[in-house]
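Undergrad: Let me give you the structure first, and then I'll get to my questions.
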Amino acid sequence: MASEKGVTLLDFWVSPFGQRARIALAEKGVQYEYKEQNLVEKSDLLLKSNPVYKKIPVLIHDGKPVCESLVIVQYIDEVWSDKAPLLPSDPYQKAQARFWADYVDKKVFDCGTRLWKLKGEEQEAAKKEMIEILQLLEAQLGDNKYFGGDTFGYVDVAFIPFTSWFYTYETCGNFSIEAVAPKLVKWAKRCMERESVKTLYDPNKVYEFVCYLKKKFGVE
Amino acid sequence: MEDTTVKLLGNKGSPYSHRAEVALRLKDVKFEFLHEDLAHKSDMLLRHNPIHKKVPVLVHGEKPIAESLIVIEYVDEAFEGYNILPSDPYERAMARFWARFIDDKVIPAFWMSCWTDGEIQKGFIAQSKETLTTLQRQLEGKKFFGGDSIGLVDLAGCMIAFWFAVLQEVAGINLLNEEDYPVLCRWAEDYCSVRAVSESLLDKNILVAFFASKKEKIFATKAPVYD
């Protein structure tokens, strides 16, 4: 692994975390090899590249692995700094971007998982929480084109992959995201026009995948 | 003229607040420490960190920055002098990775080891041992996680260096000890001896007394208790 030149991404098709890395690489125009991973029978390469978590995504750059999606996105931004900056240059704006990406990390995936996995009261609670999270993010977006302002940035990269899960959240939770956070839905549509984001999976495919997981975990 | 005063809303009992304080001291930044009573949070704190309502919050002029690891990176970028993060992008990625590992894995496993019992505690202790072993390996051949001087990961690890001994004394467990973790314990001593760190730390006895007084409540809720 040591002196292999180039960029490889170990990933799993539906992972929103993996998609963050894919979008960042695409924004920067970086050529890379995509290696789809089997998460049930993990490859030697994955286990060797991420011995701590054994998870995707893993970016391997000239033989050296980088793990954890937001760490990967910042790495991509710093290495390929000549094109499409994702983080602002001003330290305060940078801190704000990191804060909101961290907020997405702490809140969206966990709440979303509870929303599709649980039933009854617990699911209701998760739905209420998800609506609060989405409305907070919408307030942060304000009337800006992107979370990054006029330009597509770090927080946009961090959050946009979760929008292909909106249909799943809506269907499982029986609510409309457009009704509670219309600006967010408009923002998502805007982002989908970008070449880098078009690679996001069809929401129906995501929903199919979640239904498969529900069967697998015996949730019905 | 632009307001460039620096205020740190913090609490000496909090390792997260400590991280921010040490970062400021390493950079020789003049700042005002505003003590927050975590049982009765100030309007200023709630105004500047409405989302999480936690310490630390750095207020630089009118600009609030929250979340300790984000505060450290802000301080590193906004002020000249000492380098808290490395300059090489790969080394920076490694530093961020291990800082997150401490927050996401090391601290929660240790915390739960302290405040559970029976089989559940055994499970957390096993987990905690694994995370401490993994982390200790990162110190191989180095004085600090940051190399010759303390950096992001050392600051992130402050809870391990100082608070863990306090918690395990109160909880009556012996997880982090010299016999099992000689390198980590040596690092802990070295970390606490750094001037910017020792100037920020509370007297250990005060911290022990505080946690001892809250022991039952924490055991019941598994969460930090301030009142």
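Residue numbers start at 1 in each chain; chains themselves are named A, B, ... in the order of the structure tokens; ligands are numbered from 1 in the order shown.
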Looking only at helix (DSSP H, G or I) from DSSP on the backbone, list the matching residues of region 41-203 of chain A as a PyMOL selection string.
TA: chain A and resi 44-49+69-79+91-117+120-141+154-173+177-180+182-192+203
Undergrad: Filtering to C-alpha atoms, could you give me those residues as an mmCIF file, in the first residue's frame?
TA:
data_model
loop_
_atom_site.group_PDB
_atom_site.id
_atom_site.type_symbol
_atom_site.label_atom_id
_atom_site.label_comp_id
_atom_site.auth_asym_id
_atom_site.auth_seq_id
_atom_site.Cartn_x
_atom_site.Cartn_y
_atom_site.Cartn_z
ATOM 1 C CA ASP A 44 -8.468 -6.693 3.804
ATOM 2 C CA LEU A 45 -7.868 -3.277 2.296
ATOM 3 C CA LEU A 46 -10.667 -1.706 4.328
ATOM 4 C CA LEU A 47 -9.577 -3.410 7.543
ATOM 5 C CA LYS A 48 -5.970 -2.385 6.966
ATOM 6 C CA SER A 49 -6.858 1.206 5.998
ATOM 7 C CA SER A 69 -15.958 11.832 6.312
ATOM 8 C CA LEU A 70 -15.571 15.411 7.554
ATOM 9 C CA VAL A 71 -11.848 14.853 8.184
ATOM 10 C CA ILE A 72 -11.662 13.569 4.591
ATOM 11 C CA VAL A 73 -13.533 16.575 3.180
ATOM 12 C CA GLN A 74 -11.245 19.021 5.008
ATOM 13 C CA TYR A 75 -8.212 17.072 3.784
ATOM 14 C CA ILE A 76 -9.465 17.232 0.186
ATOM 15 C CA ASP A 77 -10.096 20.962 0.578
ATOM 16 C CA GLU A 78 -6.571 21.569 1.911
ATOM 17 C CA VAL A 79 -4.687 19.388 -0.568
ATOM 18 C CA PRO A 91 -11.184 32.041 10.449
ATOM 19 C CA TYR A 92 -14.553 33.055 11.929
ATOM 20 C CA GLN A 93 -16.523 32.025 8.834
ATOM 21 C CA LYS A 94 -14.526 28.789 8.847
ATOM 22 C CA ALA A 95 -15.461 28.169 12.492
ATOM 23 C CA GLN A 96 -19.123 28.762 11.690
ATOM 24 C CA ALA A 97 -18.979 26.319 8.775
ATOM 25 C CA ARG A 98 -17.318 23.698 10.999
ATOM 26 C CA PHE A 99 -19.952 24.276 13.679
ATOM 27 C CA TRP A 100 -22.860 23.632 11.322
ATOM 28 C CA ALA A 101 -21.240 20.628 9.651
ATOM 29 C CA ASP A 102 -20.633 19.262 13.150
ATOM 30 C CA TYR A 103 -24.300 19.953 13.968
ATOM 31 C CA VAL A 104 -25.398 17.945 10.924
ATOM 32 C CA ASP A 105 -23.048 15.163 12.029
ATOM 33 C CA LYS A 106 -24.352 15.085 15.585
ATOM 34 C CA LYS A 107 -28.035 15.277 14.734
ATOM 35 C CA VAL A 108 -29.286 14.265 11.299
ATOM 36 C CA PHE A 109 -28.146 10.662 10.851
ATOM 37 C CA ASP A 110 -28.974 9.464 14.370
ATOM 38 C CA CYS A 111 -32.380 11.116 14.400
ATOM 39 C CA GLY A 112 -33.096 9.836 10.900
ATOM 40 C CA THR A 113 -32.167 6.306 11.917
ATOM 41 C CA ARG A 114 -34.509 6.460 14.899
ATOM 42 C CA LEU A 115 -37.216 7.792 12.596
ATOM 43 C CA TRP A 116 -37.156 4.762 10.283
ATOM 44 C CA LYS A 117 -36.205 2.108 12.842
ATOM 45 C CA GLY A 120 -45.117 4.432 18.029
ATOM 46 C CA GLU A 121 -44.195 7.082 20.590
ATOM 47 C CA GLU A 122 -40.462 6.788 20.013
ATOM 48 C CA GLN A 123 -40.931 7.335 16.301
ATOM 49 C CA GLU A 124 -43.158 10.348 16.976
ATOM 50 C CA ALA A 125 -40.462 11.813 19.175
ATOM 51 C CA ALA A 126 -37.843 11.251 16.455
ATOM 52 C CA LYS A 127 -40.108 12.897 13.889
ATOM 53 C CA LYS A 128 -40.631 15.938 16.105
ATOM 54 C CA GLU A 129 -36.887 16.181 16.637
ATOM 55 C CA MET A 130 -36.184 15.850 12.890
ATOM 56 C CA ILE A 131 -38.595 18.695 12.113
ATOM 57 C CA GLU A 132 -36.803 20.878 14.692
ATOM 58 C CA ILE A 133 -33.401 20.005 13.219
ATOM 59 C CA LEU A 134 -34.519 20.741 9.655
ATOM 60 C CA GLN A 135 -36.120 24.041 10.639
ATOM 61 C CA LEU A 136 -32.972 25.099 12.487
ATOM 62 C CA LEU A 137 -30.875 24.302 9.432
ATOM 63 C CA GLU A 138 -33.340 26.142 7.230
ATOM 64 C CA ALA A 139 -33.062 29.203 9.477
ATOM 65 C CA GLN A 140 -29.279 28.997 9.159
ATOM 66 C CA LEU A 141 -29.576 28.872 5.348
ATOM 67 C CA TYR A 154 -18.425 22.766 3.367
ATOM 68 C CA VAL A 155 -21.827 22.711 5.079
ATOM 69 C CA ASP A 156 -23.555 22.098 1.739
ATOM 70 C CA VAL A 157 -21.257 19.098 1.164
ATOM 71 C CA ALA A 158 -21.878 17.856 4.712
ATOM 72 C CA PHE A 159 -25.667 18.032 4.487
ATOM 73 C CA ILE A 160 -26.716 17.476 0.855
ATOM 74 C CA PRO A 161 -26.268 13.652 0.900
ATOM 75 C CA PHE A 162 -28.962 13.408 3.570
ATOM 76 C CA THR A 163 -31.502 14.991 1.241
ATOM 77 C CA SER A 164 -31.764 11.767 -0.739
ATOM 78 C CA TRP A 165 -33.009 10.273 2.559
ATOM 79 C CA PHE A 166 -35.786 12.875 2.866
ATOM 80 C CA TYR A 167 -38.290 10.654 1.038
ATOM 81 C CA THR A 168 -37.479 7.823 3.477
ATOM 82 C CA TYR A 169 -37.905 10.085 6.518
ATOM 83 C CA GLU A 170 -41.196 11.457 5.115
ATOM 84 C CA THR A 171 -42.602 8.042 4.283
ATOM 85 C CA CYS A 172 -41.619 6.396 7.566
ATOM 86 C CA GLY A 173 -42.580 9.408 9.658
ATOM 87 C CA ILE A 177 -40.463 18.050 4.640
ATOM 88 C CA GLU A 178 -41.492 20.573 2.011
ATOM 89 C CA ALA A 179 -44.327 21.659 4.299
ATOM 90 C CA VAL A 180 -42.053 22.218 7.315
ATOM 91 C CA PRO A 182 -39.667 24.610 2.037
ATOM 92 C CA LYS A 183 -36.460 26.668 1.644
ATOM 93 C CA LEU A 184 -34.398 23.593 2.456
ATOM 94 C CA VAL A 185 -36.153 21.617 -0.275
ATOM 95 C CA LYS A 186 -35.478 24.445 -2.761
ATOM 96 C CA TRP A 187 -31.834 24.463 -1.678
ATOM 97 C CA ALA A 188 -31.602 20.700 -2.238
ATOM 98 C CA LYS A 189 -33.033 21.068 -5.776
ATOM 99 C CA ARG A 190 -30.509 23.825 -6.467
ATOM 100 C CA CYS A 191 -27.638 21.631 -5.325
ATOM 101 C CA MET A 192 -28.870 18.712 -7.448
ATOM 102 C CA PRO A 203 -34.527 8.727 -3.139
#
Undergrad: For Ala126 (chain B), please output as a ChimeraX atom specification all residues within 12 Å (counting only C-alpha atoms; exclusion window: fewer than 3 positions along the same chain).
TA: /B:106,109-110,112-113,119-123,129-133,175
Undergrad: Using only C-alpha atoms, which residues of chain B come within 7 Å of chain A, and what is the closest atom pair for each, with the distance in Å to one decimal? Give it as a tab-separated table, sorted by chain and residue number.
TA:
residue	atom	partner	partner_atom	distance
B:Ile65	CA	A:Ala95	CA	6.8
B:Ile70	CA	A:Ala95	CA	6.1
B:Tyr74	CA	A:Pro91	CA	5.9
B:Glu77	CA	A:Pro91	CA	6.0
B:Ala78	CA	A:Pro91	CA	5.9
B:Pro89	CA	A:Tyr75	CA	6.0
B:Tyr90	CA	A:Tyr75	CA	7.0
B:Ala93	CA	A:Val71	CA	5.8
B:Arg96	CA	A:Val71	CA	6.6
B:Phe97	CA	A:Val71	CA	6.6
Undergrad: Extract, using only C-alpha atoms, all DNA, RNA and protein residues at most 7 Å from Leu85 (chain B), discarding same-chain residues fewer than 6 positions from it, and format them as number ranges by chain.
TA: B: 92, 151-152
Undergrad: Give me a file of those residues, with all heavy atoms, as a compact mmCIF listing (two decimals), in the first residue's frame.
TA:
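Below you can see part-v4.txt, which holds the result:
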# COMPACT_ATOMS: atom_id res chain seq x y z
N ARG B 92 -2.51 17.05 9.65
CA ARG B 92 -3.67 17.74 10.20
C ARG B 92 -4.86 16.78 10.25
O ARG B 92 -5.61 16.72 11.22
CB ARG B 92 -4.04 18.95 9.35
CG ARG B 92 -3.06 20.09 9.44
CD ARG B 92 -3.25 21.07 8.29
NE ARG B 92 -4.44 21.87 8.44
CZ ARG B 92 -4.49 22.97 9.19
NH1 ARG B 92 -3.43 23.35 9.87
NH2 ARG B 92 -5.60 23.65 9.25
N GLY B 151 -0.19 19.54 21.05
CA GLY B 151 -0.99 19.98 19.91
C GLY B 151 -2.45 19.64 20.13
O GLY B 151 -2.88 19.35 21.24
N LEU B 152 -3.20 19.63 19.03
CA LEU B 152 -4.65 19.41 19.08
C LEU B 152 -5.03 18.16 19.86
O LEU B 152 -5.93 18.19 20.71
CB LEU B 152 -5.21 19.31 17.66
CG LEU B 152 -6.71 19.05 17.55
CD1 LEU B 152 -7.52 20.27 17.99
CD2 LEU B 152 -7.09 18.66 16.12
Undergrad: Return as a list in words the full set of residues in region 25-115 of chain B whose backbone-based DSSP assignment is strand (DSSP E).
TA: Glu32, Phe33, Leu34, His35, Val57, Leu58, Val59, His60, Lys63, Pro64, Ile65 and Ala66 of chain B
Undergrad: For N, CA, C and O atoms, I'd like the residues from the last selection saved as a PDB file, in the first residue's frame.
TA:
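Output contents, as saved in again-v1.pdb:
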ATOM      1  N   GLU B  32     -10.266  37.423  28.850  1.00  0.00           N
ATOM      2  CA  GLU B  32     -10.971  37.516  30.122  1.00  0.00           C
ATOM      3  C   GLU B  32     -11.735  36.212  30.317  1.00  0.00           C
ATOM      4  O   GLU B  32     -12.505  35.805  29.442  1.00  0.00           O
ATOM      5  N   PHE B  33     -11.497  35.547  31.453  1.00  0.00           N
ATOM      6  CA  PHE B  33     -12.192  34.291  31.728  1.00  0.00           C
ATOM      7  C   PHE B  33     -13.475  34.626  32.482  1.00  0.00           C
ATOM      8  O   PHE B  33     -13.431  35.190  33.573  1.00  0.00           O
ATOM      9  N   LEU B  34     -14.603  34.297  31.881  1.00  0.00           N
ATOM     10  CA  LEU B  34     -15.885  34.544  32.549  1.00  0.00           C
ATOM     11  C   LEU B  34     -16.436  33.220  33.044  1.00  0.00           C
ATOM     12  O   LEU B  34     -16.844  32.372  32.238  1.00  0.00           O
ATOM     13  N   HIS B  35     -16.420  33.052  34.357  1.00  0.00           N
ATOM     14  CA  HIS B  35     -16.864  31.793  34.942  1.00  0.00           C
ATOM     15  C   HIS B  35     -18.358  31.603  34.757  1.00  0.00           C
ATOM     16  O   HIS B  35     -19.159  32.486  35.070  1.00  0.00           O
ATOM     17  N   VAL B  57     -17.490  28.859  25.284  1.00  0.00           N
ATOM     18  CA  VAL B  57     -17.789  29.727  24.162  1.00  0.00           C
ATOM     19  C   VAL B  57     -16.725  30.815  24.161  1.00  0.00           C
ATOM     20  O   VAL B  57     -16.509  31.478  25.162  1.00  0.00           O
ATOM     21  N   LEU B  58     -16.068  30.954  23.031  1.00  0.00           N
ATOM     22  CA  LEU B  58     -15.092  32.021  22.879  1.00  0.00           C
ATOM     23  C   LEU B  58     -15.812  33.189  22.230  1.00  0.00           C
ATOM     24  O   LEU B  58     -16.532  32.991  21.263  1.00  0.00           O
ATOM     25  N   VAL B  59     -15.663  34.375  22.796  1.00  0.00           N
ATOM     26  CA  VAL B  59     -16.265  35.548  22.152  1.00  0.00           C
ATOM     27  C   VAL B  59     -15.128  36.481  21.755  1.00  0.00           C
ATOM     28  O   VAL B  59     -14.466  37.060  22.620  1.00  0.00           O
ATOM     29  N   HIS B  60     -14.886  36.582  20.472  1.00  0.00           N
ATOM     30  CA  HIS B  60     -13.808  37.417  19.952  1.00  0.00           C
ATOM     31  C   HIS B  60     -14.433  38.663  19.351  1.00  0.00           C
ATOM     32  O   HIS B  60     -15.025  38.606  18.286  1.00  0.00           O
ATOM     33  N   LYS B  63     -17.956  38.197  18.021  1.00  0.00           N
ATOM     34  CA  LYS B  63     -18.151  36.915  17.341  1.00  0.00           C
ATOM     35  C   LYS B  63     -18.013  35.723  18.297  1.00  0.00           C
ATOM     36  O   LYS B  63     -16.956  35.506  18.868  1.00  0.00           O
ATOM     37  N   PRO B  64     -19.115  34.953  18.437  1.00  0.00           N
ATOM     38  CA  PRO B  64     -19.035  33.782  19.319  1.00  0.00           C
ATOM     39  C   PRO B  64     -18.630  32.533  18.553  1.00  0.00           C
ATOM     40  O   PRO B  64     -19.088  32.302  17.434  1.00  0.00           O
ATOM     41  N   ILE B  65     -17.780  31.734  19.188  1.00  0.00           N
ATOM     42  CA  ILE B  65     -17.391  30.451  18.593  1.00  0.00           C
ATOM     43  C   ILE B  65     -17.600  29.374  19.653  1.00  0.00           C
ATOM     44  O   ILE B  65     -17.135  29.510  20.785  1.00  0.00           O
ATOM     45  N   ALA B  66     -18.319  28.312  19.285  1.00  0.00           N
ATOM     46  CA  ALA B  66     -18.621  27.248  20.239  1.00  0.00           C
ATOM     47  C   ALA B  66     -18.098  25.907  19.754  1.00  0.00           C
ATOM     48  O   ALA B  66     -17.724  25.759  18.599  1.00  0.00           O
TER      49      ALA B  66
END
Undergrad: Restricting the calculation to only C-alpha atoms, which member of B:Phe211, B:Trp163, B:Tyr181, B:Trp187 is positioned closest to Gly147 (chain B)?
TA: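 Using only C-alpha atoms, Gly147 (chain B) sits closest to B:Trp187.
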Undergrad: List as a PDB file with N, CA and C atoms, in the first residue's frame the protein and nucleic acid residues near Glu195 (chain A), meaning an atom at most 10 Å away when only C-alpha atoms are counted, but skip any in the same chain fewer than 3 places from it.
TA:
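Full text of around.pdb as output:
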ATOM      1  N   ILE A  23     -18.561  13.945  -3.446  1.00  0.00           N
ATOM      2  CA  ILE A  23     -18.921  15.294  -3.895  1.00  0.00           C
ATOM      3  C   ILE A  23     -17.712  16.225  -3.824  1.00  0.00           C
ATOM      4  N   ALA A  26     -15.325  15.475  -6.598  1.00  0.00           N
ATOM      5  CA  ALA A  26     -15.878  15.924  -7.878  1.00  0.00           C
ATOM      6  C   ALA A  26     -15.789  17.444  -8.007  1.00  0.00           C
ATOM      7  N   GLU A  27     -16.087  18.151  -6.942  1.00  0.00           N
ATOM      8  CA  GLU A  27     -15.991  19.620  -6.975  1.00  0.00           C
ATOM      9  C   GLU A  27     -14.584  20.065  -7.338  1.00  0.00           C
ATOM     10  N   CYS A 191     -28.892  22.382  -5.413  1.00  0.00           N
ATOM     11  CA  CYS A 191     -27.638  21.631  -5.325  1.00  0.00           C
ATOM     12  C   CYS A 191     -27.622  20.483  -6.330  1.00  0.00           C
ATOM     13  N   MET A 192     -28.783  19.852  -6.545  1.00  0.00           N
ATOM     14  CA  MET A 192     -28.870  18.712  -7.448  1.00  0.00           C
ATOM     15  C   MET A 192     -28.531  19.090  -8.888  1.00  0.00           C
ATOM     16  N   LYS A 198     -25.162  15.413  -8.666  1.00  0.00           N
ATOM     17  CA  LYS A 198     -26.057  14.556  -9.454  1.00  0.00           C
ATOM     18  C   LYS A 198     -25.817  13.083  -9.161  1.00  0.00           C
ATOM     19  N   THR A 199     -24.638  12.765  -8.621  1.00  0.00           N
ATOM     20  CA  THR A 199     -24.306  11.379  -8.322  1.00  0.00           C
ATOM     21  C   THR A 199     -25.071  10.847  -7.115  1.00  0.00           C
TER      22      THR A 199
END
Undergrad: Would you mind reading off the distance between CA of Phe219 (chain B) and CA of Pro56 (chain B), one decimal, in Å?
TA: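 Atom-to-atom, CA of Phe219 (chain B) to CA of Pro56 (chain B), that is 24.6 Å.
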